[in-house]
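Source file: structure21.txt (compact mmCIF, C-alpha atoms)
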# COMPACT_ATOMS: atom_id res chain seq x y z
CA MET A 1 -76.29 35.76 -11.75
CA ARG A 2 -75.49 33.38 -14.62
CA TYR A 3 -75.40 29.68 -15.33
CA ALA A 4 -72.47 27.58 -16.44
CA ARG A 5 -72.81 24.47 -18.56
CA THR A 6 -71.33 22.33 -15.79
CA ASN A 7 -74.41 22.51 -13.53
CA THR A 8 -72.73 25.29 -11.58
CA LEU A 9 -74.48 28.45 -10.46
CA LEU A 10 -72.33 31.60 -10.35
CA LEU A 11 -73.52 34.32 -7.97
CA ARG A 12 -72.10 37.81 -7.70
CA THR A 13 -72.63 39.79 -4.49
CA PRO A 14 -73.12 43.60 -4.52
CA GLU A 15 -69.47 43.85 -3.44
CA GLY A 16 -68.39 42.04 -6.62
CA ILE A 17 -67.48 38.74 -4.93
CA VAL A 18 -68.28 35.73 -7.12
CA PHE A 19 -69.36 32.41 -5.60
CA SER A 20 -69.33 29.21 -7.62
CA LEU A 21 -72.02 26.83 -6.37
CA PRO A 22 -72.20 23.25 -7.75
CA LEU A 23 -75.89 22.44 -7.96
CA ALA A 24 -77.24 19.12 -6.70
CA GLY A 25 -78.97 17.12 -9.44
CA PRO A 26 -82.23 15.13 -9.25
CA VAL A 27 -80.50 11.78 -8.61
CA SER A 28 -78.48 12.86 -5.57
CA ARG A 29 -81.49 14.72 -4.17
CA PHE A 30 -83.70 11.66 -4.61
CA LEU A 31 -81.16 9.46 -2.81
CA ALA A 32 -80.95 11.97 0.05
CA TRP A 33 -84.73 12.00 0.26
CA GLY A 34 -84.74 8.18 0.45
CA ILE A 35 -82.42 8.30 3.47
CA ASP A 36 -84.64 10.91 5.10
CA VAL A 37 -87.73 8.78 4.50
CA GLY A 38 -85.97 5.91 6.26
CA CYS A 39 -85.26 8.18 9.25
CA ILE A 40 -88.90 9.33 9.36
CA ILE A 41 -90.21 5.75 9.17
CA THR A 42 -87.84 4.66 11.93
CA ALA A 43 -88.91 7.50 14.23
CA SER A 44 -92.56 6.82 13.47
CA SER A 45 -92.14 3.10 14.22
CA VAL A 46 -90.71 3.92 17.62
CA VAL A 47 -93.71 6.15 18.34
CA GLU A 48 -96.08 3.40 17.16
CA GLN A 49 -94.51 0.85 19.49
CA ILE A 50 -94.78 3.24 22.43
CA LEU A 51 -98.43 3.95 21.65
CA GLY A 52 -99.09 0.22 21.41
CA LEU A 53 -98.28 -0.14 25.08
CA PHE A 54 -101.49 1.73 26.01
CA GLY A 55 -103.68 -1.11 24.73
CA ASN A 56 -106.39 1.02 23.07
CA ALA A 57 -105.89 0.17 19.39
CA GLY A 58 -108.22 2.87 18.05
CA PHE A 59 -106.65 5.63 20.11
CA ALA A 60 -103.16 4.40 19.30
CA ARG A 61 -103.88 4.33 15.57
CA ALA A 62 -105.36 7.84 15.51
CA THR A 63 -102.50 9.23 17.58
CA TYR A 64 -99.96 7.49 15.34
CA ILE A 65 -101.41 9.12 12.21
CA ILE A 66 -101.13 12.56 13.82
CA ALA A 67 -97.62 11.78 15.08
CA TYR A 68 -96.49 10.59 11.65
CA PHE A 69 -97.75 13.80 10.06
CA LEU A 70 -95.97 15.95 12.66
CA ILE A 71 -92.75 13.97 12.32
CA SER A 72 -92.86 14.22 8.51
CA ILE A 73 -93.25 17.99 8.69
CA GLY A 74 -91.07 18.65 11.71
CA TYR A 75 -88.16 16.47 10.58
CA GLY A 76 -87.21 18.59 7.58
CA ILE A 77 -88.01 21.95 9.19
CA THR A 78 -86.10 21.25 12.40
CA LEU A 79 -82.98 19.74 10.85
CA GLU A 80 -82.70 22.16 7.93
CA TRP A 81 -82.96 25.10 10.32
CA PHE A 82 -80.59 23.93 13.06
CA TRP A 83 -78.16 22.18 10.66
CA ARG A 84 -78.09 25.18 8.30
CA GLY A 85 -79.85 23.58 5.34
CA GLN A 86 -79.09 19.92 5.94
CA THR A 87 -80.99 16.80 6.98
CA VAL A 88 -79.51 13.37 7.68
CA GLY A 89 -79.84 12.44 4.00
CA LYS A 90 -78.29 15.69 2.83
CA ARG A 91 -75.39 15.29 5.25
CA VAL A 92 -74.69 11.79 4.00
CA LEU A 93 -74.81 12.93 0.35
CA LYS A 94 -72.99 16.22 1.19
CA LEU A 95 -75.85 18.45 0.02
CA ARG A 96 -77.13 21.70 1.51
CA VAL A 97 -80.18 23.94 1.04
CA MET A 98 -79.33 27.60 0.40
CA ASP A 99 -81.08 30.81 -0.51
CA GLU A 100 -80.94 31.10 -4.30
CA HIS A 101 -79.05 34.41 -4.03
CA ALA A 102 -76.55 33.06 -1.48
CA LEU A 103 -78.19 35.08 1.30
CA ARG A 104 -78.75 33.68 4.76
CA LEU A 105 -81.42 30.95 4.77
CA GLU A 106 -84.47 32.27 6.63
CA PHE A 107 -86.77 30.18 8.81
CA GLY A 108 -89.77 31.07 6.62
CA GLN A 109 -88.00 29.62 3.58
CA VAL A 110 -87.36 26.36 5.42
CA VAL A 111 -91.02 26.14 6.44
CA VAL A 112 -92.38 26.88 2.96
CA ARG A 113 -90.18 24.38 1.10
CA ASN A 114 -91.05 21.61 3.59
CA LEU A 115 -94.79 22.30 3.63
CA LEU A 116 -94.90 22.14 -0.16
CA ARG A 117 -93.11 18.80 -0.10
CA PHE A 118 -96.52 17.11 0.05
CA VAL A 119 -97.43 18.72 -3.28
CA ASP A 120 -94.08 17.68 -4.77
CA LEU A 121 -94.74 14.09 -3.67
CA LEU A 122 -97.96 13.86 -5.73
CA PRO A 123 -99.18 11.55 -7.11
CA GLY A 124 -96.39 9.41 -5.66
CA LEU A 125 -92.61 8.90 -5.59
CA TYR A 126 -91.98 12.63 -5.99
CA LEU A 127 -93.42 12.71 -9.52
CA VAL A 128 -94.47 16.39 -9.45
CA GLY A 129 -91.33 17.53 -7.64
CA GLY A 130 -89.06 15.34 -9.72
CA THR A 131 -90.53 16.64 -12.97
CA ALA A 132 -90.13 20.24 -11.80
CA CYS A 133 -86.55 19.49 -10.73
CA VAL A 134 -85.63 18.05 -14.13
CA LEU A 135 -87.22 20.93 -16.05
CA SER A 136 -85.82 23.68 -13.82
CA ARG A 137 -82.46 25.19 -14.84
CA ARG A 138 -81.43 25.19 -11.19
CA PHE A 139 -82.90 21.76 -10.35
CA GLN A 140 -85.59 23.26 -8.13
CA ARG A 141 -88.72 21.42 -7.09
CA LEU A 142 -91.94 23.38 -6.44
CA GLY A 143 -91.02 23.90 -2.80
CA ASP A 144 -87.70 25.44 -3.83
CA LEU A 145 -89.34 27.71 -6.38
CA ALA A 146 -91.84 28.97 -3.80
CA ALA A 147 -89.19 29.45 -1.10
CA ASN A 148 -86.48 30.84 -3.41
CA THR A 149 -84.04 28.13 -2.40
CA ILE A 150 -81.56 25.88 -4.18
CA VAL A 151 -79.77 22.69 -3.18
CA VAL A 152 -76.01 22.64 -3.70
CA ARG A 153 -73.22 20.16 -3.19
CA ASN A 154 -71.52 20.98 0.08
CA GLN A 155 -67.85 21.53 -0.68
CA GLU A 156 -65.56 20.67 2.21
CA VAL A 157 -62.62 23.04 2.57
CA PRO A 158 -59.54 21.55 4.27
CA GLN A 159 -58.57 23.20 7.53
CA PRO A 160 -55.60 25.53 6.97
CA ASN A 161 -52.56 25.81 9.20
CA LEU A 162 -53.70 29.01 10.88
CA GLU A 163 -50.56 29.50 12.92
CA GLN A 164 -48.50 29.55 9.74
CA LEU A 165 -51.03 31.59 7.77
CA LEU A 166 -51.75 34.22 10.42
CA GLY A 167 -48.37 34.34 12.12
CA GLY A 168 -49.79 34.41 15.65
CA LYS A 169 -50.91 38.03 15.31
CA PHE A 170 -53.35 39.57 17.77
CA ASN A 171 -56.98 39.33 16.67
CA SER A 172 -59.04 42.16 18.14
CA LEU A 173 -62.31 40.61 16.89
CA LEU A 174 -61.89 37.57 19.15
CA GLU A 175 -62.37 39.86 22.16
CA TYR A 176 -66.08 39.96 21.26
CA ARG A 177 -67.03 36.30 21.48
CA HIS A 178 -70.76 36.77 20.97
CA LEU A 179 -70.17 38.76 17.78
CA ALA A 180 -67.60 36.22 16.57
CA ALA A 181 -70.15 33.43 17.11
CA ARG A 182 -72.75 35.43 15.19
CA LEU A 183 -70.27 35.90 12.33
CA ARG A 184 -69.66 32.14 12.14
CA GLN A 185 -73.40 31.54 12.03
CA ARG A 186 -74.10 34.05 9.29
CA THR A 187 -71.16 33.32 6.99
CA SER A 188 -71.81 30.85 4.18
CA PRO A 189 -69.25 28.09 3.49
CA GLN A 190 -68.67 29.63 0.06
CA ALA A 191 -67.82 33.07 1.47
CA ALA A 192 -65.46 31.51 4.01
CA ALA A 193 -63.72 29.55 1.25
CA VAL A 194 -63.29 32.67 -0.92
CA ALA A 195 -61.74 34.60 2.00
CA LEU A 196 -59.37 31.75 2.81
CA GLU A 197 -58.32 31.38 -0.83
CA ALA A 198 -57.71 35.13 -1.06
CA LEU A 199 -55.32 35.00 1.90
CA LEU A 200 -53.50 31.96 0.61
CA ARG A 201 -52.97 33.52 -2.83
CA ARG A 202 -52.60 37.19 -1.88
CA ASP A 203 -48.94 37.34 -2.93
CA GLU A 204 -49.90 36.23 -6.46
CA LEU A 205 -52.16 39.25 -7.00
CA GLU A 206 -51.30 42.60 -8.52
CA PRO A 207 -51.28 45.36 -5.87
CA GLN A 208 -54.42 47.09 -7.16
CA ALA A 209 -56.31 43.82 -7.61
CA ARG A 210 -55.26 42.78 -4.11
CA LEU A 211 -56.62 46.00 -2.60
CA GLN A 212 -59.92 45.68 -4.48
CA LEU A 213 -60.38 42.03 -3.56
CA PHE A 214 -59.85 42.52 0.16
CA ALA A 215 -61.94 45.69 0.17
CA GLY A 216 -64.86 43.75 -1.30
CA LEU A 217 -64.40 40.84 1.10
CA ALA A 218 -64.13 43.16 4.11
CA ASP A 219 -67.32 45.02 3.10
CA HIS A 220 -69.14 41.71 2.75
CA PHE A 221 -68.19 40.48 6.23
CA ARG A 222 -68.85 43.89 7.82
CA SER A 223 -72.38 43.71 6.41
CA LEU A 224 -72.95 40.43 8.26
CA VAL A 225 -71.86 41.56 11.75
CA GLU A 226 -70.96 45.02 13.04
CA PHE A 227 -68.04 44.98 15.47
CA PRO A 228 -67.34 47.96 17.78
CA LEU A 229 -65.30 50.75 16.23
CA GLU A 230 -62.41 50.31 18.67
CA ALA A 231 -61.94 46.73 17.44
CA ILE A 232 -61.65 47.58 13.75
CA GLU A 233 -60.57 51.22 13.32
CA GLN A 234 -56.85 50.36 13.11
CA LEU A 235 -57.33 47.40 10.76
CA SER A 236 -56.73 47.47 7.02
CA ASP A 237 -59.20 45.55 4.85
CA GLU A 238 -56.72 42.68 4.49
CA GLN A 239 -56.10 42.52 8.22
CA TYR A 240 -59.84 42.52 8.84
CA VAL A 241 -60.34 39.60 6.46
CA ARG A 242 -57.42 37.76 8.07
CA ASN A 243 -59.07 38.14 11.48
CA VAL A 244 -62.39 36.95 10.08
CA VAL A 245 -60.75 33.84 8.58
CA GLU A 246 -59.23 33.02 11.96
CA ILE A 247 -62.69 33.24 13.56
CA LEU A 248 -64.25 31.05 10.86
CA TYR A 249 -61.62 28.31 10.79
CA ARG A 250 -60.19 28.15 14.30
CA ARG A 251 -61.90 25.67 16.58
CA THR A 252 -63.50 26.92 19.78
CA ASP A 253 -60.64 25.50 21.87
CA GLY A 254 -58.29 27.93 20.10
CA SER A 255 -56.37 25.31 18.07
CA ALA A 256 -55.95 25.34 14.31

Starting from the file, lay out its structure as structure tokens.
Amino acid sequence: MRYARTNTLLLRTPEGIVFSLPLAGPVSRFLAWGIDVGCIITASSVVEQILGLFGNAGFARATYIIAYFLISIGYGITLEWFWRGQTVGKRVLKLRVMDEHALRLEFGQVVVRNLLRFVDLLPGLYLVGGTACVLSRRFQRLGDLAANTIVVRNQEVPQPNLEQLLGGKFNSLLEYRHLAARLRQRTSPQAAAVALEALLRRDELEPQARLQLFAGLADHFRSLVEFPLEAIEQLSDEQYVRNVVEILYRRTDGSA
């Protein structure tokens, strides 16, 4: 792993695949946090109005404090887990939380980084977390350092013309829908983009480099999900990657 001067983190997998991740800076992260705070306040206000209908001011106030705490904690944990590292603010600013080694984000990491948010907020306006973010080479606040996570800019990859790219060839992996769904869940956007780019530019590569590239990509995707032997035994590495790209980029209705 090494750092570029352009706020980009370069990660190399054991298979030799290099991912270039543009890191999110303190300003964009602070703006995303501001949007999330607005969402939390809005949800809490709705709860407060509902509690106000019961008439007991003391009970309503105590319940509201508990509800606000649960919403503050649960908001980040729930959205970052189910939206694969994003909250409303991060979606708007096109940011995403990732494991710092580009591995799959684990639930425990999501919990740790959100629980430590209260420390990062001290003594107010994210002073502790903001200072740590500015001083860290990877723009990590304390919660990120403890959870081994980073926040990157989410790069949108345009949808390819799969019919033209794949030529309508039979995809044996699509016969196993539950495994295909698991592959989509476990594959990072960066890995999907690398595989797509490799297919688009395969004719520009030297034969040996082409074989090595697709061998590394195929090994990476096989490590994520294991398909039955009968589905993959006749596939070359390049064909396997082509089938994976179709799974990752084709919509569930089968259109490109």

Which polymer residues have any atom within 12 Å of an atom of Phe214 (chain A), counting only C-alpha atoms, with same-chain residues fewer than 5 positions away left out, as an MDAnalysis selection string? chainID A and resid 15:17 194:199 201:202 205 207:209 219:222 235:242 244

Counting only C-alpha atoms, write as a ChimeraX atom specification all protein and nucleic acid residues lying at most 12 Å from (-88.7, 29.4, 2.1) in the file's frame. /A:77,80-81,85,97-100,103-117,142-150

Give me a file of those residues, with C-alpha atoms, as a short mmCIF file (atom, residue, chain, number, x, y, z; two decimals), in the frame of the given file.
data_model
loop_
_atom_site.label_atom_id
_atom_site.label_comp_id
_atom_site.auth_asym_id
_atom_site.auth_seq_id
_atom_site.Cartn_x
_atom_site.Cartn_y
_atom_site.Cartn_z
CA ILE A 77 -88.01 21.95 9.19
CA GLU A 80 -82.70 22.16 7.93
CA TRP A 81 -82.96 25.10 10.32
CA GLY A 85 -79.85 23.58 5.34
CA VAL A 97 -80.18 23.94 1.04
CA MET A 98 -79.33 27.60 0.40
CA ASP A 99 -81.08 30.81 -0.51
CA GLU A 100 -80.94 31.10 -4.30
CA LEU A 103 -78.19 35.08 1.30
CA ARG A 104 -78.75 33.68 4.76
CA LEU A 105 -81.42 30.95 4.77
CA GLU A 106 -84.47 32.27 6.63
CA PHE A 107 -86.77 30.18 8.81
CA GLY A 108 -89.77 31.07 6.62
CA GLN A 109 -88.00 29.62 3.58
CA VAL A 110 -87.36 26.36 5.42
CA VAL A 111 -91.02 26.14 6.44
CA VAL A 112 -92.38 26.88 2.96
CA ARG A 113 -90.18 24.38 1.10
CA ASN A 114 -91.05 21.61 3.59
CA LEU A 115 -94.79 22.30 3.63
CA LEU A 116 -94.90 22.14 -0.16
CA ARG A 117 -93.11 18.80 -0.10
CA LEU A 142 -91.94 23.38 -6.44
CA GLY A 143 -91.02 23.90 -2.80
CA ASP A 144 -87.70 25.44 -3.83
CA LEU A 145 -89.34 27.71 -6.38
CA ALA A 146 -91.84 28.97 -3.80
CA ALA A 147 -89.19 29.45 -1.10
CA ASN A 148 -86.48 30.84 -3.41
CA THR A 149 -84.04 28.13 -2.40
CA ILE A 150 -81.56 25.88 -4.18
#

Given only C-alpha atoms as the counted atoms, nearest of A:Ala60, A:Val245, A:Leu70, A:Leu121 to Thr187 (chain A):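 Closest residue, counting only C-alpha atoms: A:Val245.
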
Hey, which of A:Ala180, A:Val88, A:Val152, A:Leu53 ends up closest to Cys39 (chain A)? Count all atoms listed in the file.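 The shortest atom-to-atom distance to Cys39 (chain A) comes from A:Val88.
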
Coordinates-based distance that separates CA of Glu204 (chain A) from CA of Gln234 (chain A) (Å, one decimal): 25.1 Å

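Nearest residue to Trp83 (chain A), choosing from A:Arg177, A:Arg153, A:Lys169, A:Arg96 and counting all atoms listed in the file: A:Arg96.
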
Between A:Ile232, A:Phe30, A:Leu21, A:Glu246, smallest distance to Ser188 (chain A) by only C-alpha atoms belongs to A:Leu21

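Closest approach to Leu9 (chain A) among A:Gly130, A:Phe139, A:Val27, A:Thr63: A:Phe139, based on only C-alpha atoms.
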
Choose the residue, out of A:Ser28, A:Asn243, A:Ser172, A:Ser223, that has the smallest atom-to-atom separation from Leu93 (chain A); count only C-alpha atoms.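 Closest to Leu93 (chain A) of all the choices is A:Ser28.
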
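In this model, the gap between CA of Ala24 (chain A) and CA of Gly129 (chain A) comes to 14.2 Å.
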
Could you jot down the CA of Trp33 (chain A) to CA of Ile71 (chain A) separation for me, Å, one decimal place?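 So the two atoms, CA of Trp33 (chain A) and CA of Ile71 (chain A), lie 14.6 Å apart.
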